[in-house]
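Asks: Provided below: start_15.csv, containing CSV, C-alpha atoms.
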chain,number,residue,atom,x,y,z
A,1,MET,CA,11.3,-57.5,-47.1
A,2,PRO,CA,11.5,-59.3,-43.7
A,3,THR,CA,9.7,-62.6,-43.4
A,4,SER,CA,9.4,-62.8,-39.6
A,5,TYR,CA,7.1,-60.7,-37.5
A,6,ASP,CA,5.5,-60.5,-34.0
A,7,VAL,CA,2.0,-60.3,-35.5
A,8,ILE,CA,0.5,-60.8,-38.9
A,9,VAL,CA,-2.9,-59.3,-39.7
A,10,ILE,CA,-4.9,-60.9,-42.6
A,11,GLY,CA,-7.5,-58.4,-43.9
A,12,ALA,CA,-6.3,-54.8,-43.8
A,13,GLY,CA,-9.7,-53.1,-44.1
A,14,SER,CA,-11.2,-50.9,-41.4
A,15,MET,CA,-10.6,-53.2,-38.4
A,16,GLY,CA,-7.3,-54.7,-39.6
A,17,MET,CA,-5.7,-51.4,-40.6
A,18,SER,CA,-6.7,-50.0,-37.2
A,19,ALA,CA,-5.2,-53.0,-35.5
A,20,GLY,CA,-2.0,-52.6,-37.5
A,21,TYR,CA,-1.7,-49.0,-36.5
A,22,HIS,CA,-2.2,-49.6,-32.8
A,23,LEU,CA,0.3,-52.5,-32.8
A,24,ALA,CA,2.9,-50.5,-34.8
A,25,LYS,CA,2.7,-47.4,-32.6
A,26,ASN,CA,3.4,-49.8,-29.6
A,27,LYS,CA,6.6,-51.0,-31.3
A,28,VAL,CA,5.1,-54.3,-32.3
A,29,LYS,CA,6.6,-55.7,-35.5
A,30,VAL,CA,3.5,-56.2,-37.6
A,31,LEU,CA,2.7,-57.3,-41.2
A,32,LEU,CA,-0.7,-56.4,-42.8
A,33,ILE,CA,-1.8,-58.5,-45.7
A,34,ASP,CA,-4.8,-57.7,-48.0
A,35,LYS,CA,-6.2,-59.3,-51.1
A,36,PHE,CA,-6.9,-55.7,-52.4
A,37,ASP,CA,-5.4,-52.3,-52.0
A,38,PRO,CA,-7.2,-50.5,-49.1
A,39,PRO,CA,-9.2,-48.4,-49.0
A,40,HIS,CA,-11.1,-50.3,-51.8
A,41,VAL,CA,-14.6,-51.2,-53.0
A,42,ALA,CA,-14.5,-54.9,-52.4
A,43,GLY,CA,-15.4,-54.8,-48.7
A,44,SER,CA,-17.6,-52.8,-46.3
A,45,HIS,CA,-15.9,-49.5,-45.8
A,46,HIS,CA,-16.4,-47.6,-49.2
A,47,GLY,CA,-19.2,-45.2,-50.1
A,48,GLU,CA,-17.5,-42.2,-48.5
A,49,THR,CA,-19.4,-41.9,-45.2
A,50,ARG,CA,-20.5,-43.8,-42.1
A,51,LEU,CA,-22.6,-42.6,-39.1
A,52,ILE,CA,-21.0,-42.3,-35.8
A,53,ARG,CA,-23.5,-42.2,-32.9
A,54,HIS,CA,-23.3,-43.1,-29.3
A,55,ALA,CA,-26.8,-44.1,-28.0
A,56,TYR,CA,-27.3,-47.9,-28.3
A,57,THR,CA,-30.0,-50.2,-27.0
A,58,GLY,CA,-29.5,-53.0,-24.5
A,59,SER,CA,-26.1,-53.6,-23.0
A,60,SER,CA,-23.9,-50.6,-22.2
A,61,THR,CA,-21.0,-52.2,-24.1
A,62,TYR,CA,-21.7,-50.6,-27.4
A,63,THR,CA,-22.2,-47.1,-26.0
A,64,ALA,CA,-19.0,-47.4,-23.9
A,65,MET,CA,-17.1,-48.6,-27.0
A,66,ALA,CA,-18.7,-45.9,-29.2
A,67,LEU,CA,-17.5,-43.2,-26.9
A,68,ARG,CA,-13.9,-44.6,-26.7
A,69,SER,CA,-14.0,-45.0,-30.5
A,70,ASP,CA,-15.0,-41.4,-30.9
A,71,ARG,CA,-12.0,-40.3,-28.9
A,72,LEU,CA,-9.6,-42.4,-30.9
A,73,TRP,CA,-11.1,-41.0,-34.2
A,74,LYS,CA,-10.3,-37.5,-32.9
A,75,GLU,CA,-6.8,-38.6,-32.1
A,76,LEU,CA,-6.4,-40.0,-35.6
A,77,GLU,CA,-7.8,-36.8,-37.1
A,78,GLU,CA,-5.2,-34.7,-35.1
A,79,ALA,CA,-2.3,-37.1,-35.9
A,80,SER,CA,-3.1,-37.2,-39.7
A,81,GLY,CA,-4.1,-33.6,-40.1
A,82,GLN,CA,-7.2,-34.7,-42.1
A,83,ARG,CA,-10.8,-34.0,-41.4
A,84,LEU,CA,-12.4,-37.3,-40.6
A,85,ILE,CA,-15.4,-36.4,-38.4
A,86,VAL,CA,-18.3,-34.1,-39.1
A,87,ARG,CA,-20.5,-33.3,-36.1
A,88,SER,CA,-23.8,-33.0,-38.0
A,89,GLY,CA,-25.8,-34.6,-35.2
A,90,VAL,CA,-27.8,-37.7,-35.8
A,91,LEU,CA,-31.6,-37.9,-35.7
A,92,ASN,CA,-33.0,-41.3,-34.7
A,93,MET,CA,-36.8,-41.7,-35.4
A,94,GLY,CA,-39.2,-44.5,-34.4
A,95,ALA,CA,-42.6,-45.3,-33.0
A,96,ALA,CA,-43.0,-43.8,-29.5
A,97,GLU,CA,-44.0,-47.2,-28.1
A,98,SER,CA,-40.9,-48.9,-29.5
A,99,LEU,CA,-38.8,-50.6,-26.9
A,100,HIS,CA,-35.8,-49.9,-29.2
A,101,MET,CA,-36.3,-46.1,-28.6
A,102,GLY,CA,-36.9,-46.6,-24.9
A,103,SER,CA,-33.7,-48.5,-24.4
A,104,LYS,CA,-31.8,-45.8,-26.2
A,105,LEU,CA,-33.2,-43.2,-23.8
A,106,LYS,CA,-31.9,-45.2,-20.8
A,107,SER,CA,-28.5,-45.4,-22.5
A,108,THR,CA,-28.3,-41.7,-23.0
A,109,ALA,CA,-29.1,-41.0,-19.4
A,110,ALA,CA,-26.6,-43.6,-18.1
A,111,PHE,CA,-23.7,-42.0,-20.0
A,112,GLY,CA,-24.8,-38.4,-19.8
A,113,LEU,CA,-25.1,-38.0,-23.6
A,114,LYS,CA,-26.5,-34.8,-25.0
A,115,VAL,CA,-29.7,-35.9,-26.5
A,116,ASP,CA,-33.0,-34.1,-27.4
A,117,GLN,CA,-36.2,-36.1,-27.2
A,118,LEU,CA,-38.6,-34.7,-29.7
A,119,ASP,CA,-42.2,-35.4,-30.8
A,120,ALA,CA,-43.2,-35.5,-34.4
A,121,ASP,CA,-44.3,-31.8,-34.5
A,122,GLU,CA,-41.0,-30.7,-32.9
A,123,ILE,CA,-39.1,-32.8,-35.5
A,124,ARG,CA,-41.0,-31.1,-38.4
A,125,LYS,CA,-40.4,-27.6,-36.9
A,126,ARG,CA,-36.7,-28.1,-36.4
A,127,TRP,CA,-36.1,-29.8,-39.8
A,128,PRO,CA,-38.9,-28.9,-42.3
A,129,GLY,CA,-37.6,-31.6,-44.7
A,130,VAL,CA,-38.6,-34.4,-42.3
A,131,ASN,CA,-42.2,-35.7,-42.2
A,132,PRO,CA,-42.5,-38.5,-39.6
A,133,PRO,CA,-45.8,-40.1,-38.7
A,134,ASP,CA,-47.6,-38.4,-35.7
A,135,SER,CA,-46.9,-41.5,-33.6
A,136,TYR,CA,-43.1,-41.2,-33.9
A,137,ILE,CA,-40.6,-39.6,-31.6
A,138,GLY,CA,-37.1,-38.6,-32.3
A,139,LEU,CA,-33.8,-38.8,-30.4
A,140,TYR,CA,-31.4,-36.2,-31.6
A,141,GLU,CA,-27.8,-36.9,-30.6
A,142,GLN,CA,-26.1,-33.5,-30.7
A,143,GLU,CA,-22.5,-34.7,-30.7
A,144,ALA,CA,-23.0,-37.5,-33.2
A,145,GLY,CA,-22.4,-37.2,-36.9
A,146,PHE,CA,-20.5,-39.0,-39.6
A,147,LEU,CA,-17.1,-40.3,-40.5
A,148,TYR,CA,-15.4,-40.1,-43.9
A,149,SER,CA,-14.9,-43.8,-44.0
A,150,GLU,CA,-12.4,-44.2,-46.8
A,151,ALA,CA,-10.4,-41.3,-45.5
A,152,CYS,CA,-10.3,-43.0,-42.1
A,153,VAL,CA,-8.8,-46.2,-43.5
A,154,ARG,CA,-6.4,-44.2,-45.6
A,155,ALA,CA,-5.3,-42.2,-42.5
A,156,TYR,CA,-4.8,-45.4,-40.5
A,157,ARG,CA,-2.7,-46.8,-43.4
A,158,GLN,CA,-0.5,-43.7,-43.5
A,159,GLN,CA,0.0,-43.7,-39.7
A,160,ALA,CA,0.6,-47.4,-39.5
A,161,LEU,CA,3.3,-47.3,-42.1
A,162,ALA,CA,4.9,-44.2,-40.6
A,163,ALA,CA,5.0,-46.2,-37.3
A,164,GLY,CA,6.8,-49.1,-38.9
A,165,ALA,CA,4.1,-51.5,-40.0
A,166,ARG,CA,4.6,-53.4,-43.2
A,167,LEU,CA,1.8,-53.8,-45.7
A,168,LEU,CA,1.3,-56.2,-48.6
A,169,VAL,CA,-1.5,-55.2,-51.0
A,170,ASN,CA,-3.1,-57.1,-53.8
A,171,THR,CA,-1.8,-60.2,-52.1
A,172,PRO,CA,-4.1,-63.2,-51.7
A,173,VAL,CA,-3.3,-65.6,-48.9
A,174,THR,CA,-2.9,-69.2,-50.3
A,175,SER,CA,-2.5,-71.1,-47.0
A,176,ILE,CA,-2.2,-70.7,-43.3
A,177,LYS,CA,-0.3,-73.1,-41.0
A,178,ILE,CA,-0.9,-72.7,-37.3
A,179,GLY,CA,1.7,-74.2,-35.0
A,180,LYS,CA,1.8,-74.4,-31.2
A,181,SER,CA,3.9,-71.3,-30.9
A,182,GLY,CA,3.5,-69.5,-34.2
A,183,VAL,CA,1.9,-69.2,-37.7
A,184,THR,CA,3.1,-69.3,-41.3
A,185,VAL,CA,1.1,-67.5,-43.9
A,186,GLN,CA,1.8,-68.4,-47.5
A,187,THR,CA,1.2,-66.0,-50.3
A,188,LEU,CA,2.0,-66.0,-54.0
A,189,ASP,CA,4.9,-63.7,-53.1
A,190,GLY,CA,6.4,-66.0,-50.4
A,191,ALA,CA,5.9,-67.2,-46.8
A,192,TYR,CA,5.7,-65.1,-43.7
A,193,HIS,CA,6.0,-66.1,-40.1
A,194,ALA,CA,4.7,-64.6,-36.9
A,195,ASP,CA,4.2,-65.4,-33.2
A,196,GLN,CA,0.5,-64.3,-33.5
A,197,LEU,CA,-2.2,-63.9,-36.1
A,198,ILE,CA,-5.2,-61.6,-36.4
A,199,LEU,CA,-7.9,-62.6,-38.8
A,200,SER,CA,-10.1,-59.7,-39.9
A,201,ALA,CA,-11.3,-60.8,-43.3
A,202,GLY,CA,-14.7,-59.2,-43.3
A,203,ALA,CA,-17.1,-60.6,-45.9
A,204,TRP,CA,-14.4,-63.0,-47.1
A,205,PHE,CA,-14.2,-65.0,-43.9
A,206,SER,CA,-15.7,-68.1,-45.6
A,207,LYS,CA,-12.4,-68.3,-47.5
A,208,LEU,CA,-10.8,-69.2,-44.2
A,209,ASN,CA,-13.1,-72.1,-43.3
A,210,ALA,CA,-10.2,-74.4,-43.2
A,211,ILE,CA,-8.8,-72.3,-40.3
A,212,ILE,CA,-12.0,-71.4,-38.5
A,213,GLN,CA,-15.7,-71.6,-39.3
A,214,LEU,CA,-17.6,-68.6,-38.2
A,215,PRO,CA,-21.4,-68.1,-38.3
A,216,ILE,CA,-21.1,-65.1,-40.7
A,217,ARG,CA,-23.1,-64.6,-43.8
A,218,SER,CA,-22.4,-61.9,-46.4
A,219,VAL,CA,-25.1,-59.8,-47.8
A,220,ARG,CA,-25.1,-57.4,-50.7
A,221,LYS,CA,-26.4,-53.9,-49.8
A,222,ALA,CA,-27.4,-51.0,-52.0
A,223,VAL,CA,-27.1,-47.3,-51.1
A,224,ALA,CA,-27.8,-44.3,-53.3
A,225,TRP,CA,-27.5,-40.5,-53.4
A,226,PHE,CA,-30.7,-38.7,-54.4
A,227,LYS,CA,-31.0,-35.1,-55.7
A,228,SER,CA,-32.5,-33.1,-52.9
A,229,ASP,CA,-33.5,-29.6,-51.9
A,230,GLU,CA,-30.2,-28.2,-50.6
A,231,SER,CA,-32.0,-25.5,-48.6
A,232,LEU,CA,-33.4,-28.3,-46.5
A,233,TYR,CA,-30.8,-31.1,-46.5
A,234,ASP,CA,-27.4,-29.5,-46.8
A,235,SER,CA,-24.9,-30.8,-44.2
A,236,ALA,CA,-24.6,-27.4,-42.7
A,237,ARG,CA,-28.2,-27.6,-41.4
A,238,PHE,CA,-29.3,-31.2,-41.7
A,239,PRO,CA,-28.2,-34.2,-39.5
A,240,GLY,CA,-27.5,-37.8,-40.2
A,241,PHE,CA,-30.5,-40.0,-39.6
A,242,THR,CA,-32.0,-43.4,-38.9
A,243,PHE,CA,-35.6,-44.4,-38.9
A,244,GLY,CA,-37.7,-47.5,-38.8
A,245,ALA,CA,-40.6,-47.8,-41.3
A,246,GLU,CA,-43.2,-50.4,-42.1
A,247,ASN,CA,-41.0,-51.6,-45.0
A,248,GLY,CA,-37.7,-51.7,-43.1
A,249,GLY,CA,-35.0,-49.9,-41.3
A,250,PHE,CA,-33.1,-47.1,-43.0
A,251,TYR,CA,-30.1,-44.8,-42.3
A,252,GLY,CA,-28.7,-41.8,-44.2
A,253,PHE,CA,-26.7,-38.7,-44.5
A,254,PRO,CA,-27.2,-35.0,-45.4
A,255,SER,CA,-26.2,-33.7,-48.7
A,256,ILE,CA,-22.4,-33.0,-48.6
A,257,ASP,CA,-21.3,-30.3,-51.0
A,258,GLY,CA,-24.3,-30.9,-53.2
A,259,SER,CA,-23.8,-34.6,-53.4
A,260,GLY,CA,-27.5,-35.3,-52.6
A,261,VAL,CA,-29.0,-37.1,-49.6
A,262,LYS,CA,-27.5,-40.6,-49.2
A,263,ILE,CA,-29.7,-43.4,-47.9
A,264,GLY,CA,-29.3,-47.1,-47.3
A,265,ARG,CA,-31.4,-49.9,-45.9
A,266,HIS,CA,-30.2,-51.8,-42.9
A,267,ASP,CA,-32.3,-55.0,-43.3
A,268,ALA,CA,-33.0,-57.1,-46.5
A,269,GLY,CA,-30.4,-57.4,-49.2
A,270,GLN,CA,-29.2,-60.3,-51.3
A,271,PRO,CA,-27.0,-63.2,-50.0
A,272,TRP,CA,-23.5,-63.2,-51.5
A,273,LYS,CA,-20.5,-65.5,-51.3
A,274,PRO,CA,-16.9,-65.0,-52.4
A,275,GLY,CA,-16.6,-66.0,-56.0
A,276,GLN,CA,-20.2,-65.2,-56.9
A,277,PRO,CA,-21.0,-62.2,-59.1
A,278,PHE,CA,-21.4,-58.9,-57.2
A,279,GLU,CA,-24.1,-57.1,-59.2
A,280,PRO,CA,-23.9,-53.3,-59.5
A,281,PHE,CA,-26.4,-50.9,-58.2
A,282,GLY,CA,-29.7,-51.0,-60.2
A,283,HIS,CA,-29.4,-54.7,-61.0
A,284,TYR,CA,-32.3,-55.4,-58.7
A,285,THR,CA,-35.5,-53.4,-58.9
A,286,GLU,CA,-35.5,-52.9,-55.1
A,287,ASP,CA,-32.1,-51.2,-55.1
A,288,GLU,CA,-33.7,-47.9,-56.0
A,289,ARG,CA,-37.4,-48.7,-55.2
A,290,ASP,CA,-37.0,-49.4,-51.5
A,291,LEU,CA,-34.8,-46.3,-50.9
A,292,ARG,CA,-37.0,-44.0,-52.9
A,293,GLN,CA,-40.2,-45.2,-51.1
A,294,ALA,CA,-38.5,-44.5,-47.7
A,295,LEU,CA,-37.5,-41.0,-48.8
A,296,GLU,CA,-40.9,-40.2,-50.2
A,297,ALA,CA,-42.5,-41.2,-46.9
A,298,PHE,CA,-40.0,-39.5,-44.5
A,299,LEU,CA,-37.9,-37.0,-46.5
A,300,PRO,CA,-40.1,-36.1,-49.4
A,301,GLN,CA,-38.0,-33.2,-50.8
A,302,ALA,CA,-35.0,-35.6,-51.0
A,303,ALA,CA,-36.6,-38.1,-53.3
A,304,GLY,CA,-35.3,-36.6,-56.6
A,305,GLN,CA,-33.4,-38.4,-59.3
A,306,VAL,CA,-30.7,-40.8,-58.4
A,307,LEU,CA,-27.4,-39.1,-58.7
A,308,ARG,CA,-25.3,-42.1,-57.9
A,309,GLY,CA,-25.7,-45.6,-56.6
A,310,ALA,CA,-23.3,-48.1,-54.9
A,311,VAL,CA,-23.2,-51.5,-53.4
A,312,CYS,CA,-21.3,-52.8,-50.5
A,313,LYS,CA,-21.2,-55.9,-48.2
A,314,TYR,CA,-22.6,-56.5,-44.8
A,315,GLU,CA,-21.2,-59.4,-42.8
A,316,LEU,CA,-23.9,-60.6,-40.4
A,317,THR,CA,-23.8,-62.9,-37.5
A,318,PRO,CA,-27.0,-64.7,-36.4
A,319,ASP,CA,-27.6,-62.2,-33.6
A,320,GLU,CA,-26.0,-59.3,-35.5
A,321,HIS,CA,-23.5,-58.7,-32.7
A,322,PHE,CA,-19.7,-58.7,-33.3
A,323,ILE,CA,-17.2,-61.6,-33.0
A,324,ILE,CA,-14.0,-60.5,-31.2
A,325,ASP,CA,-12.4,-63.5,-29.6
A,326,ARG,CA,-9.5,-66.0,-29.6
A,327,HIS,CA,-9.5,-69.0,-31.9
A,328,PRO,CA,-11.1,-71.8,-29.8
A,329,GLU,CA,-8.1,-74.1,-30.3
A,330,HIS,CA,-5.2,-71.6,-30.9
A,331,ALA,CA,-4.8,-68.9,-28.3
A,332,HIS,CA,-2.3,-67.0,-30.4
A,333,VAL,CA,-4.9,-66.4,-33.2
A,334,LEU,CA,-7.4,-63.6,-32.8
A,335,VAL,CA,-10.6,-63.3,-34.8
A,336,ALA,CA,-12.6,-60.1,-35.5
A,337,GLY,CA,-15.6,-60.3,-37.7
A,338,GLY,CA,-19.4,-60.1,-38.2
A,339,PHE,CA,-19.6,-56.3,-37.8
A,340,SER,CA,-23.1,-56.5,-39.1
A,341,GLY,CA,-23.6,-53.1,-40.9
A,342,HIS,CA,-23.0,-50.9,-37.9
A,343,GLY,CA,-19.4,-51.7,-37.1
A,344,PHE,CA,-17.4,-49.1,-39.0
A,345,LYS,CA,-17.7,-46.5,-36.3
A,346,PHE,CA,-16.1,-48.9,-33.9
A,347,ALA,CA,-13.1,-49.7,-36.1
A,348,SER,CA,-10.8,-47.4,-34.1
A,349,VAL,CA,-11.5,-49.1,-30.8
A,350,VAL,CA,-11.7,-52.6,-32.2
A,351,GLY,CA,-8.1,-52.1,-33.5
A,352,GLU,CA,-7.1,-51.0,-30.1
A,353,ILE,CA,-8.8,-54.0,-28.5
A,354,LEU,CA,-7.0,-56.4,-30.9
A,355,SER,CA,-3.7,-54.7,-30.2
A,356,ASP,CA,-4.2,-54.9,-26.4
A,357,LEU,CA,-5.2,-58.6,-26.6
A,358,SER,CA,-2.1,-59.3,-28.7
A,359,ARG,CA,0.3,-57.4,-26.5
A,360,GLU,CA,-1.1,-57.7,-23.0
A,361,GLY,CA,-3.6,-60.6,-23.2
A,362,ILE,CA,-6.4,-58.3,-21.9
A,363,THR,CA,-8.4,-55.3,-22.8
A,364,GLU,CA,-10.2,-52.6,-20.8
A,365,GLN,CA,-13.3,-52.9,-23.0
A,366,ASP,CA,-16.0,-55.3,-22.2
A,367,ILE,CA,-15.9,-57.8,-25.1
A,368,ALA,CA,-17.8,-60.6,-23.3
A,369,PRO,CA,-20.9,-60.1,-25.6
A,370,PHE,CA,-18.7,-60.9,-28.6
A,371,THR,CA,-17.4,-64.3,-27.7
A,372,LEU,CA,-17.5,-67.0,-30.3
A,373,SER,CA,-18.7,-69.5,-27.7
A,374,ARG,CA,-22.2,-68.0,-27.7
A,375,PHE,CA,-22.7,-70.0,-30.9
A,376,SER,CA,-22.0,-73.2,-29.0
A,377,VAL,CA,-24.2,-75.6,-30.9
A,378,ARG,CA,-22.2,-76.8,-33.8
A,379,ASP,CA,-25.2,-77.7,-35.9
A,380,ASP,CA,-26.6,-74.1,-35.4
A,381,LEU,CA,-23.2,-72.6,-36.2
A,382,ALA,CA,-22.8,-74.7,-39.4
A,383,ALA,CA,-26.2,-73.6,-40.6
A,384,HIS,CA,-25.0,-70.0,-40.7
A,385,ILE,CA,-21.6,-70.5,-42.4
A,386,ASN,CA,-21.3,-69.2,-46.0
Represent the structure of the file as structure tokens.

Replies:
Amino acid sequence: MPTSYDVIVIGAGSMGMSAGYHLAKNKVKVLLIDKFDPPHVAGSHHGETRLIRHAYTGSSTYTAMALRSDRLWKELEEASGQRLIVRSGVLNMGAAESLHMGSKLKSTAAFGLKVDQLDADEIRKRWPGVNPPDSYIGLYEQEAGFLYSEACVRAYRQQALAAGARLLVNTPVTSIKIGKSGVTVQTLDGAYHADQLILSAGAWFSKLNAIIQLPIRSVRKAVAWFKSDESLYDSARFPGFTFGAENGGFYGFPSIDGSGVKIGRHDAGQPWKPGQPFEPFGHYTEDERDLRQALEAFLPQAAGQVLRGAVCKYELTPDEHFIIDRHPEHAHVLVAGGFSGHGFKFASVVGEILSDLSREGITEQDIAPFTLSRFSVRDDLAAHIN
């Protein structure tokens, strides 16, 4: 196997595998290295599904990226011949006075998104399995839905290898040496050299503190599939969903082929660091309790027995926005991390961004909100390092 490359990517999960594909298809000699064998259960991309929606609050950056990402997922679907996207729609629910919902409305108007604004009664009539408080409104994104996340990573892997990328799996990195004009990555299987390096280590970034210290903390998150009334919640008639409740923010998916409604909680969770035990679903009382209480309040006919549970990792920055930037001291090292629980849908465009930055030095996407320099106070940055 060759030992010299144009670009080495460390961390070949959702973002890294996408970057590998976009580089390889542009004739870049790229090596992907992963501690595991992607897709796998040690990162943030397992659990079968992830929402893909387009209406975001605040800056237009996320909506623009979500729309570009959607197009790239469709291209991957066509190239791979696999079904990766389901247009189930996504129903976002929240209090009518919420600025969060108001900002989403502005986003939909600016980008011409197909969105229905519904009051609580209209939500109940359209989806009898949903019971929001009277004070809530809904934004239904007609062209949103969900991605088969593991299938997406697998498809990018297949396409990257077909385009000429090399992949080392089950290969921990033991050291990284960064020179003025290149890098050397040492593994148990040997040393590899490249002109450029991309770090996309997800929840394992703290293992790279000797190279770069990022304000990313890793959090254990629980999701579960609950037995539900298929006449109400089957994916042929029920959308993906998000809602804010008194006890937290939640997201979920319709029952796919009788799998039951899947639900997760966006906030809370247990801190985790590489090397610590990663407890299975059910270890903590709140794993099931919080999810069940949310279903009982909003989707009562979906609060049956737990059919299956799983745990995954969030990698959170202090402001819960991404980091996509160059190393502050080494311009030939790119960093992508802190995707904060909502990043998977953007993996296709993040891979394209990293490829563009590696090959051209610029990208068409607005990544100014994702600079590392926004965490400019070293004491503040250090306080958030795992």

Asks: Considering all atoms listed in the file, state which residue in the set A:Pro132, A:Pro239, A:Gly58, A:Gly351 is at the smallest distance from Leu23 in chain A.

Replies: A:Gly351

Asks: Find the spatial neighbours of range 59-75 of chain A, counting all atoms listed in the file, within a cut-off of 6 Å - ignore same-chain residues fewer than 2 positions away - and output them as a PyMOL selection string.

Replies: chain A and resi 54-56+77-78+346+348-349

Asks: If we count all atoms listed in the file and set the cut-off at 7 Å, which residues sit around range 141-147 of chain A, ignoring sequence neighbours fewer than 2 positions away in its own chain? Please answer as a PyMOL selection string.

Replies: chain A and resi 49-54+84-91+114-116+139+149+240

Asks: Suppose you want the space between CA of Ala24 in chain A and CA of Val7 in chain A; what is it in Å?

Replies: 9.9 Å

Asks: For Phe278 in chain A, which of A:Val153, A:Val41, A:Ala79, A:Ile212 is the closest residue, counting all atoms listed in the file?

Replies: A:Val41

Asks: Show me, as a Markdown table, the residues of range 173-249 of chain A having an atom within 12 Å of range 43-47 of chain A, each with the closest atom pair and its distance in Å, using only C-alpha atoms.

Replies:
| residue | atom | partner | partner_atom | distance |
| --- | --- | --- | --- | --- |
| A:Ser200 | CA | A:Gly43 | CA | 11.4 |
| A:Ala201 | CA | A:Gly43 | CA | 9.1 |
| A:Gly202 | CA | A:Gly43 | CA | 7.0 |
| A:Ala203 | CA | A:Gly43 | CA | 6.7 |
| A:Trp204 | CA | A:Gly43 | CA | 8.4 |
| A:Phe205 | CA | A:Gly43 | CA | 11.3 |
| A:Ser218 | CA | A:Gly43 | CA | 10.2 |
| A:Val219 | CA | A:Ser44 | CA | 10.4 |
| A:Arg220 | CA | A:Ser44 | CA | 9.8 |
| A:Lys221 | CA | A:Ser44 | CA | 9.5 |
| A:Ala222 | CA | A:Gly47 | CA | 10.2 |
| A:Val223 | CA | A:Gly47 | CA | 8.2 |
| A:Ala224 | CA | A:Gly47 | CA | 9.2 |
| A:Trp225 | CA | A:Gly47 | CA | 10.1 |

Asks: Could you please determine the separation between CA of Leu299 in chain A and CA of Glu150 in chain A in Å, to one decimal place?

Replies: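 Interatomic distance here is 26.5 Å.
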
Asks: Tell me which of A:Ile137, A:Val185, A:Leu32, A:Ile323 sits closest to Ala12 in chain A, counting only C-alpha atoms.

Replies: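 Ranking A:Ile137, A:Val185, A:Leu32, A:Ile323 by distance to Ala12 in chain A, first place goes to A:Leu32.
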
Asks: Nearest to Gly81 in chain A among A:Tyr21, A:Phe36, A:Tyr156, A:Trp127, with distances taken over all atoms listed in the file: which residue is it?

Replies: A:Tyr156

Asks: A:Val350, A:Thr363, A:Val335, A:Lys313: which is nearest Pro271 in chain A, counting all atoms listed in the file?

Replies: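 Counting all atoms listed in the file, the residue closest to Pro271 in chain A is A:Lys313.
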
Asks: Here's a test: counting only C-alpha atoms, identify every protein, DNA and RNA residue with an atom at most 12 Å from (-22.6, -68.0, -27.6) in the file's coordinate frame, and state them as a PyMOL selection string.

Replies: chain A and resi 214-215+317-319+321-325+368-378+380-381

Asks: Pick from A:Thr184, A:Ser14, A:Thr285, A:Asn92: nearest to Val130 in chain A, with all atoms listed in the file counted?

Replies: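 Answer, going by the shortest atom-to-atom distance: A:Asn92.
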
Asks: Determine, counting all atoms listed in the file, which protein, DNA and RNA residues have an atom within 8 Å of an atom of Tyr251 in chain A; residues of the same chain fewer than 4 positions away are not included. Present the result as a list in words.

Replies: Gly240, Phe241, Thr242, Phe243, Ile263, Gly264, Arg265 and His266 of chain A

Asks: Mind giving me the straight-line distance from CA of Lys125 in chain A to CA of Ala245 in chain A in Å, one decimal?

Replies: 20.7 Å

Asks: With a distance cut-off of 9 Å and all atoms listed in the file, select the neighbouring residues of Asp6 in chain A, excluding the residue or stretch itself and same-chain residues fewer than 5 positions from it, and output the selection as a list in words.

Replies: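 Skipping anything fewer than 5 positions along the chain leaves Val28, Lys29, Val30, Leu31, His193, Ala194, Asp195, Gln196 and Leu197 of chain A.
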
Asks: For range 39-49 of chain A, I'd like the enclosing box, axis-aligned and padded by 8 Å on every side, reported as AutoDock Vina command-line options with centre and edge lengths in Å to one decimal.

Replies:
--center_x -14.3 --center_y -48.4 --center_z -49.1 --size_x 26.2 --size_y 29.0 --size_z 23.8

Asks: Within 10 Å of (-8.6, -69.2, -43.5) (file coordinates; all atoms listed in the file), which protein or nucleic acid residues are there? I'd like them as number ranges by chain.

Replies: A: 10, 173-177, 185, 199, 201, 204-213

Asks: At a cut-off of 9 Å, using only C-alpha atoms, what residues contact Ala303 in chain A? Leave out same-chain residues fewer than 6 positions from it and give the result as a list of chain:residue names.

Replies: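 Near neighbours after the sequence-gap exclusion: A:Phe226, A:Lys227, A:Ser228, A:Val261, A:Leu291, A:Arg292, A:Gln293, A:Ala294, A:Leu295, A:Glu296.
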
Asks: When you get a chance, write out N, CA and C atoms for range 28-33 of chain A, as an mmCIF file, in the coordinates of the input.

Replies:
data_model
loop_
_atom_site.group_PDB
_atom_site.id
_atom_site.type_symbol
_atom_site.label_atom_id
_atom_site.label_comp_id
_atom_site.auth_asym_id
_atom_site.auth_seq_id
_atom_site.Cartn_x
_atom_site.Cartn_y
_atom_site.Cartn_z
ATOM 1 N N VAL A 28 5.295 -52.935 -31.949
ATOM 2 C CA VAL A 28 5.100 -54.300 -32.300
ATOM 3 C C VAL A 28 5.496 -54.472 -33.815
ATOM 4 N N LYS A 29 6.253 -55.481 -34.145
ATOM 5 C CA LYS A 29 6.600 -55.700 -35.500
ATOM 6 C C LYS A 29 5.455 -56.434 -36.221
ATOM 7 N N VAL A 30 4.739 -55.691 -37.096
ATOM 8 C CA VAL A 30 3.500 -56.200 -37.600
ATOM 9 C C VAL A 30 3.477 -56.135 -39.157
ATOM 10 N N LEU A 31 2.904 -57.187 -39.746
ATOM 11 C CA LEU A 31 2.700 -57.300 -41.200
ATOM 12 C C LEU A 31 1.213 -57.341 -41.475
ATOM 13 N N LEU A 32 0.725 -56.445 -42.341
ATOM 14 C CA LEU A 32 -0.700 -56.400 -42.800
ATOM 15 C C LEU A 32 -0.717 -57.007 -44.198
ATOM 16 N N ILE A 33 -1.664 -57.923 -44.429
ATOM 17 C CA ILE A 33 -1.800 -58.500 -45.700
ATOM 18 C C ILE A 33 -3.260 -58.363 -46.205
#
